[in-house]
$ cat model32.pdb   # PDB, N, CA and C atoms
ATOM      1  N   MET F   1     133.273 -66.952 -38.211  1.00  0.00           N
ATOM      2  CA  MET F   1     132.954 -66.565 -36.848  1.00  0.00           C
ATOM      3  C   MET F   1     132.482 -65.110 -36.853  1.00  0.00           C
ATOM      4  N   PRO F   2     131.222 -64.850 -36.627  1.00  0.00           N
ATOM      5  CA  PRO F   2     130.723 -63.478 -36.619  1.00  0.00           C
ATOM      6  C   PRO F   2     131.299 -62.679 -35.457  1.00  0.00           C
ATOM      7  N   SER F   3     131.466 -61.426 -35.707  1.00  0.00           N
ATOM      8  CA  SER F   3     131.982 -60.533 -34.673  1.00  0.00           C
ATOM      9  C   SER F   3     130.843 -60.004 -33.814  1.00  0.00           C
ATOM     10  N   LYS F   4     131.147 -59.701 -32.554  1.00  0.00           N
ATOM     11  CA  LYS F   4     130.134 -59.100 -31.681  1.00  0.00           C
ATOM     12  C   LYS F   4     129.745 -57.709 -32.166  1.00  0.00           C
ATOM     13  N   PHE F   5     130.573 -57.099 -33.016  1.00  0.00           N
ATOM     14  CA  PHE F   5     130.292 -55.757 -33.517  1.00  0.00           C
ATOM     15  C   PHE F   5     129.420 -55.781 -34.771  1.00  0.00           C
ATOM     16  N   LEU F   6     129.286 -56.940 -35.385  1.00  0.00           N
ATOM     17  CA  LEU F   6     128.502 -57.061 -36.606  1.00  0.00           C
ATOM     18  C   LEU F   6     127.172 -57.712 -36.248  1.00  0.00           C
ATOM     19  N   SER F   7     126.234 -56.885 -35.845  1.00  0.00           N
ATOM     20  CA  SER F   7     124.985 -57.365 -35.269  1.00  0.00           C
ATOM     21  C   SER F   7     123.883 -57.518 -36.315  1.00  0.00           C
ATOM     22  N   LYS F   8     122.820 -58.187 -35.906  1.00  0.00           N
ATOM     23  CA  LYS F   8     121.640 -58.336 -36.756  1.00  0.00           C
ATOM     24  C   LYS F   8     121.021 -56.974 -37.060  1.00  0.00           C
ATOM     25  N   GLU F   9     121.031 -56.073 -36.093  1.00  0.00           N
ATOM     26  CA  GLU F   9     120.501 -54.719 -36.319  1.00  0.00           C
ATOM     27  C   GLU F   9     121.278 -54.021 -37.436  1.00  0.00           C
ATOM     28  N   LEU F  10     122.579 -54.178 -37.447  1.00  0.00           N
ATOM     29  CA  LEU F  10     123.403 -53.607 -38.509  1.00  0.00           C
ATOM     30  C   LEU F  10     122.966 -54.163 -39.857  1.00  0.00           C
ATOM     31  N   GLN F  11     122.715 -55.461 -39.913  1.00  0.00           N
ATOM     32  CA  GLN F  11     122.316 -56.085 -41.172  1.00  0.00           C
ATOM     33  C   GLN F  11     120.949 -55.594 -41.645  1.00  0.00           C
ATOM     34  N   LEU F  12     120.078 -55.225 -40.742  1.00  0.00           N
ATOM     35  CA  LEU F  12     118.743 -54.771 -41.124  1.00  0.00           C
ATOM     36  C   LEU F  12     118.719 -53.314 -41.595  1.00  0.00           C
ATOM     37  N   LYS F  13     119.640 -52.490 -41.106  1.00  0.00           N
ATOM     38  CA  LYS F  13     119.571 -51.050 -41.354  1.00  0.00           C
ATOM     39  C   LYS F  13     120.639 -50.498 -42.286  1.00  0.00           C
ATOM     40  N   THR F  14     121.602 -51.288 -42.676  1.00  0.00           N
ATOM     41  CA  THR F  14     122.760 -50.783 -43.411  1.00  0.00           C
ATOM     42  C   THR F  14     122.503 -50.668 -44.906  1.00  0.00           C
ATOM     43  N   ASP F  15     122.938 -49.532 -45.472  1.00  0.00           N
ATOM     44  CA  ASP F  15     122.948 -49.338 -46.926  1.00  0.00           C
ATOM     45  C   ASP F  15     124.360 -49.495 -47.477  1.00  0.00           C
ATOM     46  N   VAL F  16     125.340 -49.054 -46.693  1.00  0.00           N
ATOM     47  CA  VAL F  16     126.755 -49.142 -47.089  1.00  0.00           C
ATOM     48  C   VAL F  16     127.548 -49.609 -45.880  1.00  0.00           C
ATOM     49  N   LEU F  17     128.446 -50.558 -46.093  1.00  0.00           N
ATOM     50  CA  LEU F  17     129.301 -51.064 -45.022  1.00  0.00           C
ATOM     51  C   LEU F  17     130.744 -50.869 -45.439  1.00  0.00           C
ATOM     52  N   SER F  18     131.469 -50.105 -44.656  1.00  0.00           N
ATOM     53  CA  SER F  18     132.880 -49.845 -44.915  1.00  0.00           C
ATOM     54  C   SER F  18     133.677 -50.304 -43.702  1.00  0.00           C
ATOM     55  N   LEU F  19     134.558 -51.252 -43.926  1.00  0.00           N
ATOM     56  CA  LEU F  19     135.357 -51.807 -42.834  1.00  0.00           C
ATOM     57  C   LEU F  19     136.765 -51.232 -42.881  1.00  0.00           C
ATOM     58  N   HIS F  20     137.214 -50.728 -41.767  1.00  0.00           N
ATOM     59  CA  HIS F  20     138.561 -50.174 -41.652  1.00  0.00           C
ATOM     60  C   HIS F  20     139.250 -50.882 -40.490  1.00  0.00           C
ATOM     61  N   ILE F  21     139.695 -52.082 -40.780  1.00  0.00           N
ATOM     62  CA  ILE F  21     140.326 -52.919 -39.761  1.00  0.00           C
ATOM     63  C   ILE F  21     141.559 -53.581 -40.356  1.00  0.00           C
ATOM     64  N   PRO F  22     142.544 -53.881 -39.533  1.00  0.00           N
ATOM     65  CA  PRO F  22     143.704 -54.589 -40.058  1.00  0.00           C
ATOM     66  C   PRO F  22     143.332 -56.036 -40.386  1.00  0.00           C
ATOM     67  N   TRP F  23     144.010 -56.591 -41.372  1.00  0.00           N
ATOM     68  CA  TRP F  23     143.780 -57.990 -41.717  1.00  0.00           C
ATOM     69  C   TRP F  23     144.660 -58.839 -40.819  1.00  0.00           C
ATOM     70  N   THR F  24     144.044 -59.553 -39.883  1.00  0.00           N
ATOM     71  CA  THR F  24     144.754 -60.408 -38.939  1.00  0.00           C
ATOM     72  C   THR F  24     144.066 -61.772 -38.917  1.00  0.00           C
ATOM     73  N   LEU F  25     144.593 -62.683 -38.148  1.00  0.00           N
ATOM     74  CA  LEU F  25     143.950 -63.987 -38.005  1.00  0.00           C
ATOM     75  C   LEU F  25     142.553 -63.853 -37.401  1.00  0.00           C
ATOM     76  N   GLU F  26     142.360 -62.873 -36.514  1.00  0.00           N
ATOM     77  CA  GLU F  26     141.039 -62.648 -35.911  1.00  0.00           C
ATOM     78  C   GLU F  26     140.033 -62.049 -36.889  1.00  0.00           C
ATOM     79  N   THR F  27     140.487 -61.192 -37.788  1.00  0.00           N
ATOM     80  CA  THR F  27     139.558 -60.522 -38.699  1.00  0.00           C
ATOM     81  C   THR F  27     139.397 -61.261 -40.023  1.00  0.00           C
ATOM     82  N   ASP F  28     140.305 -62.177 -40.331  1.00  0.00           N
ATOM     83  CA  ASP F  28     140.205 -62.958 -41.557  1.00  0.00           C
ATOM     84  C   ASP F  28     138.886 -63.727 -41.561  1.00  0.00           C
ATOM     85  N   LYS F  29     138.149 -63.613 -42.635  1.00  0.00           N
ATOM     86  CA  LYS F  29     136.850 -64.278 -42.807  1.00  0.00           C
ATOM     87  C   LYS F  29     135.758 -63.742 -41.868  1.00  0.00           C
ATOM     88  N   MET F  30     135.947 -62.540 -41.340  1.00  0.00           N
ATOM     89  CA  MET F  30     134.915 -61.904 -40.508  1.00  0.00           C
ATOM     90  C   MET F  30     133.655 -61.676 -41.342  1.00  0.00           C
ATOM     91  N   ILE F  31     133.859 -61.292 -42.597  1.00  0.00           N
ATOM     92  CA  ILE F  31     132.744 -61.107 -43.520  1.00  0.00           C
ATOM     93  C   ILE F  31     132.769 -62.287 -44.479  1.00  0.00           C
ATOM     94  N   ASN F  32     131.713 -63.093 -44.445  1.00  0.00           N
ATOM     95  CA  ASN F  32     131.650 -64.255 -45.323  1.00  0.00           C
ATOM     96  C   ASN F  32     130.287 -64.279 -46.022  1.00  0.00           C
ATOM     97  N   ALA F  33     130.047 -65.281 -46.831  1.00  0.00           N
ATOM     98  CA  ALA F  33     128.806 -65.360 -47.603  1.00  0.00           C
ATOM     99  C   ALA F  33     127.581 -65.404 -46.694  1.00  0.00           C
ATOM    100  N   ASP F  34     127.658 -66.123 -45.593  1.00  0.00           N
ATOM    101  CA  ASP F  34     126.520 -66.189 -44.670  1.00  0.00           C
ATOM    102  C   ASP F  34     126.183 -64.810 -44.117  1.00  0.00           C
ATOM    103  N   PHE F  35     127.202 -64.045 -43.756  1.00  0.00           N
ATOM    104  CA  PHE F  35     126.984 -62.695 -43.237  1.00  0.00           C
ATOM    105  C   PHE F  35     126.336 -61.811 -44.301  1.00  0.00           C
ATOM    106  N   ILE F  36     126.862 -61.838 -45.514  1.00  0.00           N
ATOM    107  CA  ILE F  36     126.337 -60.998 -46.594  1.00  0.00           C
ATOM    108  C   ILE F  36     124.909 -61.399 -46.945  1.00  0.00           C
ATOM    109  N   ASN F  37     124.638 -62.678 -47.005  1.00  0.00           N
ATOM    110  CA  ASN F  37     123.291 -63.148 -47.366  1.00  0.00           C
ATOM    111  C   ASN F  37     122.250 -62.849 -46.300  1.00  0.00           C
ATOM    112  N   ALA F  38     122.661 -62.553 -45.082  1.00  0.00           N
ATOM    113  CA  ALA F  38     121.724 -62.250 -43.991  1.00  0.00           C
ATOM    114  C   ALA F  38     121.195 -60.815 -44.053  1.00  0.00           C
ATOM    115  N   PHE F  39     121.754 -59.970 -44.913  1.00  0.00           N
ATOM    116  CA  PHE F  39     121.273 -58.598 -45.016  1.00  0.00           C
ATOM    117  C   PHE F  39     119.866 -58.584 -45.588  1.00  0.00           C
ATOM    118  N   ALA F  40     119.036 -57.702 -45.068  1.00  0.00           N
ATOM    119  CA  ALA F  40     117.630 -57.625 -45.475  1.00  0.00           C
ATOM    120  C   ALA F  40     117.461 -57.049 -46.883  1.00  0.00           C
ATOM    121  N   LYS F  41     118.429 -56.255 -47.328  1.00  0.00           N
ATOM    122  CA  LYS F  41     118.344 -55.609 -48.634  1.00  0.00           C
ATOM    123  C   LYS F  41     119.752 -55.535 -49.218  1.00  0.00           C
ATOM    124  N   SER F  42     119.835 -55.158 -50.481  1.00  0.00           N
ATOM    125  CA  SER F  42     121.156 -55.027 -51.096  1.00  0.00           C
ATOM    126  C   SER F  42     121.895 -53.843 -50.455  1.00  0.00           C
ATOM    127  N   PHE F  43     123.197 -53.906 -50.465  1.00  0.00           N
ATOM    128  CA  PHE F  43     124.021 -52.866 -49.854  1.00  0.00           C
ATOM    129  C   PHE F  43     125.366 -52.831 -50.538  1.00  0.00           C
ATOM    130  N   GLY F  44     126.135 -51.776 -50.273  1.00  0.00           N
ATOM    131  CA  GLY F  44     127.471 -51.649 -50.823  1.00  0.00           C
ATOM    132  C   GLY F  44     128.492 -52.049 -49.776  1.00  0.00           C
ATOM    133  N   LEU F  45     129.495 -52.781 -50.220  1.00  0.00           N
ATOM    134  CA  LEU F  45     130.567 -53.191 -49.302  1.00  0.00           C
ATOM    135  C   LEU F  45     131.869 -52.626 -49.809  1.00  0.00           C
TER     136      LEU F  45
END
$ encode --input "model32.pdb" --output "structure tokens"
Amino acid sequence: MPSKFLSKELQLKTDVLSLHIPWTLETDKMINADFINAFAKSFGL
């Protein structure tokens, strides 16, 4: 389930993505293969 905060614009412009969120049922699987593969270029996570 993609988050409203993780937008397509973010995927197009990001070089490095650093997430500072607690691991909860809501955030579990927020970043998945589909999300990573949607980035326009390689990036650091």
$ atom_distance --input "model32.pdb" --atom1 "atom CA of Lys41 of chain F" --atom2 "atom CA of Thr27 of chain F"
23.9 Å
$ select_by_dssp --input "model32.pdb" --residues "chain F" --states "helix (DSSP H, G or I)" --output "list in words"
Lys8, Glu9, Leu10, Gln11, Leu12, Lys13, Ala33, Asp34, Phe35, Ile36 and Asn37 of chain F
$ atom_distance --input "model32.pdb" --atom1 "atom CA of Lys13 of chain F" --atom2 "atom CA of Lys29 of chain F"
21.8 Å
$ atom_distance --input "model32.pdb" --atom1 "atom C of Ser42 of chain F" --atom2 "atom N of Leu25 of chain F"
27.3 Å
$ axis_aligned_box --input "model32.pdb" --around "segment 19-34 of chain F" --padding-each-side "8 Å" --output "JSON"
{"center_x": 135.5, "center_y": -58.2, "center_z": -41.8, "size_x": 34.6, "size_y": 32.0, "size_z": 27.7}
$ resolve_selection --input "model32.pdb" --expression "the PyMOL selection byres ((chain F and resi 12) around 8)" --output "VMD selection string"
chain F and resid 7 to 11 13 to 15 38 to 41
